[in-house]
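Asks: Here you go, one structure.
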Amino acid sequence: MTNIYKPHIAKVVEIKVETGDIKSFKFQFVDPAAQKAFTWKAGQFLILNIFGVGEAVFTFANPQTRNEYIECSIRKVGLVSEAIHELEVGDSVGIRGPYGNWFPFEKWHGKNLLYVAGGVGLAALRSPIEFALDNKQDFKNITILYGARSPLDLCYKDKFSDWETIKDTQMILTADKGSEGWKHKVGFVPAVLKEVHPSPKDTVAIICGPPIMIKFVLKELLDLGFTPEQIVTTLEMKMKCGLGKCGRCNVKHLYICKDGPVFTYAELKDLPDEY
Amino acid sequence: MTYLISKENINALLTSLLAAKTVYAPKKDAEETVLFGKLGSAAEWHGASLLTHTTAKDKVYLQSESLFKIKKGKDGVQIEEPAEPEEIVIFGCRPCDARGFDVINKLFNWSNFVDEYYTKRMEKTTVITISCEKPESTCFCTSFAKGGPVNETGSDLLLTPQKDGNYFAEAVSEKGKKVVSENSKLFSEAPVNALQEKADFKTAAETKIVKKLDLAAIKKLMEPAFEAAYWDTVHLPCVKCGACTYVCPTCYCFDITEKAFDNLNSERVRNWDTCMSEIFTRMAGGVNPRTDTKKRFRQRFMHKFNYHVDNFKEELCTGCGRCIKACPVSIDIRKVIEGIK
């Protein structure tokens, strides 16, 4: 038997401030062999241990195609994330996982991918975006529509130029309110989506953001002719174990930690309004 | 494998078990409450009560369990796992409690993840059960496919009292057979009429159980009743104390927290938790999909009699009726699910 609650010991190797309350951390296992053996798929999550404080769930920000380290982008909202924001390069943390299901890219070969993200929601979509970009030959056009409250609240600003240089990849940025020098769109994500008017033909829409954004993006996508099966998102729930045992993320017969977090809108429609 | 063990030899069996292992059995505490306690001698066993105040669940699935200790030092972080669990005997539990182990065993082992803390302790636990002669008005074990006052599910050795005061003993598992073989002098061959006597005992005990629920029909009613107005009022008396989950032999939900001793030393701890608590599903930042009592109350019943059945083909309940006794506002689990419309 292996101890499913015991984390790997890792060290912080890089810290980057993304926005006022979001920082990105790169972690590397102390044991290089364990780091090499640790693989995941875009969409899965991990449980980060801050020794002396506790554990919390975060999504992988980097894809499995760039796995020399593990990266998480973390907003300061709770006990553990506050402690994470205090971390310095060289500090030790624990990592266990990977947990949950993943984005079913193998089913999407030959399709267009439309990513729609709001705020820190891009952290959950960066790994599937970069996975698709690293395997661009398998997909057609990739469109990334990303918005935040203000230009200052956009994550991964340094990544955008790299992403855009990849063939048939388009970035559309928007801010709820613009600022001086802002050359991109101004307006809420759903409104910009309507204006961009993507075709649902051979396209999968992958969305992540605050609940209010999701609600209106869903409406726009359905109006554009996307079917519920063509819309995919990732859920956030309170979790403690990540293993389908602690009972917190139970919705209907599902445990979001092991049956999710990735669901199509068709699957979510059957769930009660408890997520 | 069936045997007979005399009334006198039961005490001798307990003494023999005590010499080798830690034995937990119904025992009166300082306030005369009957609980599963560590026996010092066979005489401390209190077999007269039907049900202990709480279950024996906490002997295998600890209410608070250290997952590991963490030491931060110059050489990095050391994780120190706890010692292997000791062999224990749970003596004199009832079929509903024994079956509770069978129900949660599956949960701690599903989805390719084996919880070694629970599983190792269960492997080292021998469950000796005594059939129920006098079920109480709160008992409803016969509503379950595998339930009943003489049911052996989850037991290693099942003892059913006979009219003459002796016990008909059935070794249900290898661990049960080992108890018999290691104490062979105390057991004799089962008399020819033993099975008939057990059948009579079963019939007599089952007639004392006043309520039998049609759980398959109730599940069918539950599925479309999620949004039913029924939930708007049925939860109102609930004071969210969580006593029902605390005394339940099958409630398994837990929390994982950290106990920090100082800047360098801490302990990762798993604690029982309750779905009746507001913070159970509240995320960092404050978002909570089950904000009010109605939602949490509904979740408890839906989970036990609907969702869990979808995953495990059995209810997350054994019909022990402890939640009915423990509830400070007299909420009766049977009435709640029977009233669903």
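In the structure tokens, chains take the letters A, B, ... in the order shown, each chain's residues start at 1, and ligands count up from 1 in the order shown.
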Each residue of stretch 107-226 of chain B with at least one atom at most 12 Å from stretch 248-270 of chain A should appear once, together with its nearest atom pair and the corresponding distance in Å (one decimal); atoms considered: only C-alpha atoms; ordering: chain, then increasing residue number; output as a Markdown table.

Replies:
| residue | atom | partner | partner_atom | distance |
| --- | --- | --- | --- | --- |
| B:Leu107 | CA | A:Tyr255 | CA | 12.0 |
| B:Trp110 | CA | A:Lys258 | CA | 10.7 |
| B:Ser111 | CA | A:Lys258 | CA | 7.8 |
| B:Asn112 | CA | A:Lys258 | CA | 10.2 |
| B:Phe113 | CA | A:Lys258 | CA | 10.4 |
| B:Met222 | CA | A:Lys252 | CA | 11.4 |
| B:Glu223 | CA | A:Lys252 | CA | 9.5 |
| B:Pro224 | CA | A:Asp270 | CA | 11.6 |
| B:Phe226 | CA | A:Lys252 | CA | 9.9 |

Asks: Can you pull out every residue from stretch 18-267 of chain A that DSSP, working from the backbone, puts in alpha helix (DSSP H), and format the result as a short mmCIF file (atom, residue, chain, number, x, y, z; two decimals) with N, CA and C atoms, in the first residue's frame?

Replies:
data_model
loop_
_atom_site.label_atom_id
_atom_site.label_comp_id
_atom_site.auth_asym_id
_atom_site.auth_seq_id
_atom_site.Cartn_x
_atom_site.Cartn_y
_atom_site.Cartn_z
N PRO A 32 14.78 14.40 -8.13
CA PRO A 32 14.59 14.58 -9.58
C PRO A 32 13.88 13.40 -10.26
N ALA A 33 14.12 12.18 -9.74
CA ALA A 33 13.46 11.00 -10.33
C ALA A 33 11.94 11.07 -10.11
N ALA A 34 11.55 11.53 -8.92
CA ALA A 34 10.12 11.66 -8.62
C ALA A 34 9.50 12.74 -9.51
N GLN A 35 10.27 13.82 -9.74
CA GLN A 35 9.77 14.89 -10.62
C GLN A 35 9.54 14.35 -12.03
N LYS A 36 10.49 13.53 -12.49
CA LYS A 36 10.39 12.97 -13.84
C LYS A 36 9.20 12.03 -13.96
N ALA A 37 8.96 11.27 -12.90
CA ALA A 37 7.88 10.27 -12.93
C ALA A 37 6.50 10.91 -12.75
N LEU A 79 -6.69 30.95 3.93
CA LEU A 79 -5.61 30.67 4.87
C LEU A 79 -4.36 30.14 4.17
N VAL A 80 -4.54 29.11 3.33
CA VAL A 80 -3.39 28.47 2.68
C VAL A 80 -2.82 29.39 1.60
N SER A 81 -3.70 30.00 0.81
CA SER A 81 -3.18 30.85 -0.27
C SER A 81 -2.47 32.08 0.28
N GLU A 82 -2.88 32.54 1.45
CA GLU A 82 -2.16 33.66 2.07
C GLU A 82 -0.75 33.24 2.46
N ALA A 83 -0.64 32.02 2.99
CA ALA A 83 0.68 31.49 3.37
C ALA A 83 1.54 31.27 2.12
N ILE A 84 0.90 30.86 1.03
CA ILE A 84 1.63 30.64 -0.22
C ILE A 84 2.23 31.96 -0.71
N HIS A 85 1.44 33.02 -0.59
CA HIS A 85 1.93 34.33 -1.04
C HIS A 85 3.12 34.83 -0.23
N GLY A 121 -9.48 32.88 -14.09
CA GLY A 121 -9.95 31.71 -14.82
C GLY A 121 -8.95 31.27 -15.89
N LEU A 122 -8.13 32.21 -16.34
CA LEU A 122 -7.13 31.84 -17.35
C LEU A 122 -6.10 30.87 -16.76
N ALA A 123 -5.93 30.88 -15.43
CA ALA A 123 -4.97 29.96 -14.80
C ALA A 123 -5.37 28.52 -15.08
N ALA A 124 -6.68 28.26 -15.05
CA ALA A 124 -7.16 26.90 -15.30
C ALA A 124 -7.11 26.56 -16.78
N LEU A 125 -7.09 27.59 -17.64
CA LEU A 125 -7.08 27.32 -19.08
C LEU A 125 -5.68 27.41 -19.69
N ARG A 126 -4.71 27.92 -18.92
CA ARG A 126 -3.37 28.05 -19.52
C ARG A 126 -2.80 26.69 -19.88
N SER A 127 -2.99 25.73 -19.01
CA SER A 127 -2.44 24.41 -19.31
C SER A 127 -3.10 23.77 -20.54
N PRO A 128 -4.43 23.78 -20.68
CA PRO A 128 -4.98 23.28 -21.94
C PRO A 128 -4.66 24.15 -23.16
N ILE A 129 -4.46 25.46 -22.96
CA ILE A 129 -4.08 26.30 -24.11
C ILE A 129 -2.68 25.90 -24.58
N GLU A 130 -1.76 25.84 -23.63
CA GLU A 130 -0.37 25.55 -24.03
C GLU A 130 -0.22 24.10 -24.51
N PHE A 131 -1.03 23.21 -23.96
CA PHE A 131 -0.99 21.83 -24.46
C PHE A 131 -1.39 21.79 -25.93
N ALA A 132 -2.47 22.52 -26.25
CA ALA A 132 -2.94 22.54 -27.64
C ALA A 132 -1.92 23.23 -28.54
N LEU A 133 -1.30 24.31 -28.04
CA LEU A 133 -0.30 25.02 -28.85
C LEU A 133 0.93 24.14 -29.09
N ASP A 134 1.30 23.35 -28.10
CA ASP A 134 2.44 22.44 -28.24
C ASP A 134 2.13 21.28 -29.18
N PHE A 160 1.34 36.15 -23.90
CA PHE A 160 0.46 36.37 -25.05
C PHE A 160 1.21 36.43 -26.38
N SER A 161 2.36 37.15 -26.39
CA SER A 161 3.07 37.31 -27.66
C SER A 161 3.58 35.96 -28.17
N ASP A 162 4.01 35.07 -27.24
CA ASP A 162 4.46 33.73 -27.65
C ASP A 162 3.30 32.93 -28.24
N TRP A 163 2.17 33.00 -27.59
CA TRP A 163 1.01 32.25 -28.04
C TRP A 163 0.58 32.68 -29.44
N GLU A 164 0.58 34.03 -29.63
CA GLU A 164 0.07 34.57 -30.91
C GLU A 164 0.94 34.24 -32.11
N VAL A 189 -16.67 40.12 -21.33
CA VAL A 189 -16.34 38.97 -22.18
C VAL A 189 -17.54 38.51 -23.04
N PRO A 190 -18.74 38.32 -22.43
CA PRO A 190 -19.86 37.83 -23.26
C PRO A 190 -20.18 38.76 -24.44
N ALA A 191 -20.10 40.07 -24.20
CA ALA A 191 -20.40 41.03 -25.27
C ALA A 191 -19.35 40.94 -26.38
N VAL A 192 -18.09 40.79 -25.98
CA VAL A 192 -17.02 40.67 -26.97
C VAL A 192 -17.17 39.37 -27.76
N LEU A 193 -17.59 38.32 -27.05
CA LEU A 193 -17.81 37.03 -27.72
C LEU A 193 -18.87 37.18 -28.82
N LYS A 194 -19.93 37.90 -28.48
CA LYS A 194 -21.01 38.12 -29.44
C LYS A 194 -20.49 38.86 -30.68
N GLU A 195 -19.66 39.86 -30.39
CA GLU A 195 -19.10 40.69 -31.48
C GLU A 195 -18.14 39.86 -32.36
N VAL A 196 -17.34 39.02 -31.73
CA VAL A 196 -16.38 38.18 -32.47
C VAL A 196 -17.11 37.14 -33.32
N PRO A 211 -18.55 32.81 -12.00
CA PRO A 211 -19.87 32.26 -12.33
C PRO A 211 -20.73 33.16 -13.21
N ILE A 212 -20.69 34.45 -12.93
CA ILE A 212 -21.53 35.39 -13.68
C ILE A 212 -21.10 35.44 -15.15
N MET A 213 -19.76 35.37 -15.37
CA MET A 213 -19.26 35.36 -16.74
C MET A 213 -19.68 34.07 -17.45
N ILE A 214 -19.52 32.95 -16.74
CA ILE A 214 -19.87 31.64 -17.31
C ILE A 214 -21.34 31.65 -17.77
N LYS A 215 -22.19 32.18 -16.90
CA LYS A 215 -23.62 32.20 -17.18
C LYS A 215 -23.93 32.90 -18.51
N PHE A 216 -23.34 34.09 -18.70
CA PHE A 216 -23.63 34.84 -19.92
C PHE A 216 -22.86 34.33 -21.13
N VAL A 217 -21.69 33.78 -20.91
CA VAL A 217 -20.93 33.19 -22.03
C VAL A 217 -21.69 31.97 -22.56
N LEU A 218 -22.24 31.18 -21.64
CA LEU A 218 -23.04 30.02 -22.05
C LEU A 218 -24.19 30.45 -22.94
N LYS A 219 -24.87 31.51 -22.51
CA LYS A 219 -26.02 32.00 -23.27
C LYS A 219 -25.59 32.42 -24.67
N GLU A 220 -24.49 33.16 -24.76
CA GLU A 220 -24.00 33.61 -26.07
C GLU A 220 -23.63 32.43 -26.95
N LEU A 221 -22.94 31.44 -26.36
CA LEU A 221 -22.50 30.29 -27.15
C LEU A 221 -23.70 29.53 -27.70
N LEU A 222 -24.72 29.35 -26.84
CA LEU A 222 -25.92 28.63 -27.29
C LEU A 222 -26.62 29.43 -28.40
N ASP A 223 -26.65 30.77 -28.24
CA ASP A 223 -27.25 31.62 -29.28
C ASP A 223 -26.47 31.52 -30.59
N ILE A 256 -16.79 15.62 -7.56
CA ILE A 256 -16.18 16.52 -8.55
C ILE A 256 -14.68 16.26 -8.64
N CYS A 257 -14.06 15.85 -7.54
CA CYS A 257 -12.60 15.63 -7.54
C CYS A 257 -12.18 14.44 -8.39
N LYS A 258 -13.02 13.42 -8.51
CA LYS A 258 -12.58 12.26 -9.30
C LYS A 258 -13.39 12.09 -10.59
N ASP A 259 -14.65 12.53 -10.60
CA ASP A 259 -15.46 12.45 -11.82
C ASP A 259 -15.29 13.72 -12.65
N TYR A 265 -21.06 21.07 -20.88
CA TYR A 265 -22.28 21.74 -20.42
C TYR A 265 -23.45 20.75 -20.47
N ALA A 266 -23.40 19.79 -21.39
CA ALA A 266 -24.44 18.76 -21.47
C ALA A 266 -24.50 17.95 -20.17
N GLU A 267 -23.33 17.65 -19.60
CA GLU A 267 -23.28 16.90 -18.34
C GLU A 267 -23.76 17.76 -17.16
#

Asks: Near stretch 156-163 of chain B, counting only C-alpha atoms, which residues have an atom at most 8 Å away, once you skip same-chain residues fewer than 6 positions from it, shown as a compact mmCIF listing (two decimals) with C-alpha atoms, in the first residue's frame?

Replies:
# COMPACT_ATOMS: atom_id res chain seq x y z
CA THR B 126 -11.68 -8.81 14.33
CA VAL B 127 -15.39 -8.16 14.66
CA ILE B 128 -17.35 -10.44 16.97
CA THR B 129 -21.04 -9.70 16.76
CA ILE B 130 -23.98 -10.74 18.90
CA SER B 131 -27.39 -11.08 17.25
CA CYS B 132 -30.18 -8.84 18.56
CA GLU B 133 -32.80 -10.54 20.67
CA VAL B 150 -29.00 -11.98 12.83
CA ALA B 169 -21.35 -19.37 16.76
CA GLU B 170 -20.76 -18.86 13.03
CA ALA B 171 -17.23 -18.18 11.81
CA VAL B 172 -17.92 -16.01 8.80
CA SER B 173 -14.35 -15.12 7.76
CA GLU B 174 -10.78 -16.38 8.12
CA LYS B 175 -10.35 -14.05 11.09
CA GLY B 176 -13.44 -15.59 12.68
CA LYS B 177 -12.13 -19.10 12.06
CA GLU B 197 -33.26 -22.34 16.66
CA LYS B 198 -31.49 -19.49 14.87
CA PHE B 201 -34.71 -16.43 16.93

Asks: With only C-alpha atoms as the counted atoms, please give the residues lying no more than 8 Å from B:Ala56, apart from itself and same-chain residues fewer than 6 positions off, as an MDAnalysis selection string.

Replies: chainID B and resid 36 90 93 97 249

Asks: Would you give me, as JSON lines, each residue of chain B having an atom within 7 Å of an atom of chain A, along with its shortest atom pair and that distance in Å to one decimal, using only C-alpha atoms and sorting by chain and residue number?

Replies:
{"residue": "B:Leu107", "atom": "CA", "partner": "A:Lys245", "partner_atom": "CA", "distance": 6.6}
{"residue": "B:Phe108", "atom": "CA", "partner": "A:Lys245", "partner_atom": "CA", "distance": 6.6}
{"residue": "B:Phe113", "atom": "CA", "partner": "A:Leu243", "partner_atom": "CA", "distance": 6.6}
{"residue": "B:Asp115", "atom": "CA", "partner": "A:Ile4", "partner_atom": "CA", "distance": 6.7}
{"residue": "B:Glu116", "atom": "CA", "partner": "A:Asn3", "partner_atom": "CA", "distance": 6.3}
{"residue": "B:Cys253", "atom": "CA", "partner": "A:Cys246", "partner_atom": "CA", "distance": 4.7}
{"residue": "B:Phe254", "atom": "CA", "partner": "A:Cys246", "partner_atom": "CA", "distance": 4.8}
{"residue": "B:Asp255", "atom": "CA", "partner": "A:Lys240", "partner_atom": "CA", "distance": 6.3}
{"residue": "B:Ile256", "atom": "CA", "partner": "A:Lys240", "partner_atom": "CA", "distance": 6.1}
{"residue": "B:Thr257", "atom": "CA", "partner": "A:Gly54", "partner_atom": "CA", "distance": 5.9}
{"residue": "B:Glu258", "atom": "CA", "partner": "A:Gly54", "partner_atom": "CA", "distance": 5.1}
{"residue": "B:Lys259", "atom": "CA", "partner": "A:Gly52", "partner_atom": "CA", "distance": 7.0}
{"residue": "B:Ala260", "atom": "CA", "partner": "A:Gly52", "partner_atom": "CA", "distance": 5.1}
{"residue": "B:Ser266", "atom": "CA", "partner": "A:Gly52", "partner_atom": "CA", "distance": 5.3}
{"residue": "B:Phe280", "atom": "CA", "partner": "A:Arg248", "partner_atom": "CA", "distance": 6.5}
{"residue": "B:Thr281", "atom": "CA", "partner": "A:Lys238", "partner_atom": "CA", "distance": 5.3}
{"residue": "B:Arg282", "atom": "CA", "partner": "A:Lys238", "partner_atom": "CA", "distance": 6.3}
{"residue": "B:Met283", "atom": "CA", "partner": "A:Lys238", "partner_atom": "CA", "distance": 5.2}
{"residue": "B:Ala284", "atom": "CA", "partner": "A:Gly78", "partner_atom": "CA", "distance": 4.9}
{"residue": "B:Gly285", "atom": "CA", "partner": "A:Val77", "partner_atom": "CA", "distance": 5.2}
{"residue": "B:Pro289", "atom": "CA", "partner": "A:Glu274", "partner_atom": "CA", "distance": 4.9}
{"residue": "B:Arg290", "atom": "CA", "partner": "A:Glu274", "partner_atom": "CA", "distance": 6.5}
{"residue": "B:Tyr307", "atom": "CA", "partner": "A:His253", "partner_atom": "CA", "distance": 4.4}
{"residue": "B:His308", "atom": "CA", "partner": "A:His253", "partner_atom": "CA", "distance": 6.6}
{"residue": "B:Asp310", "atom": "CA", "partner": "A:His253", "partner_atom": "CA", "distance": 6.3}
{"residue": "B:Asn311", "atom": "CA", "partner": "A:His253", "partner_atom": "CA", "distance": 6.5}

Asks: Quick one: pull the distance between atom CA of B:Asp292 and atom CA of B:Cys244, Å, one decimal.

Replies: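 Taking atom CA of B:Asp292 as the start and atom CA of B:Cys244 as the end point, the length is 17.6 Å.
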
Asks: Neighbouring residues of B:Ile79 were defined as those with any atom within 8 Å, considering only C-alpha atoms; residues of the same chain fewer than 5 positions away were excluded. Please report them as a list in words.

Replies: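 Final neighbour list, sorted by chain and number: Phe68, Lys69, Ile70 and Lys71 of chain B.
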
Asks: Tell me which of A:Lys177, A:Lys157, A:Lys201, A:Lys183 sits closest to A:Lys140, counting only C-alpha atoms.

Replies: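 Ranking A:Lys177, A:Lys157, A:Lys201, A:Lys183 by distance to A:Lys140, first place goes to A:Lys201.
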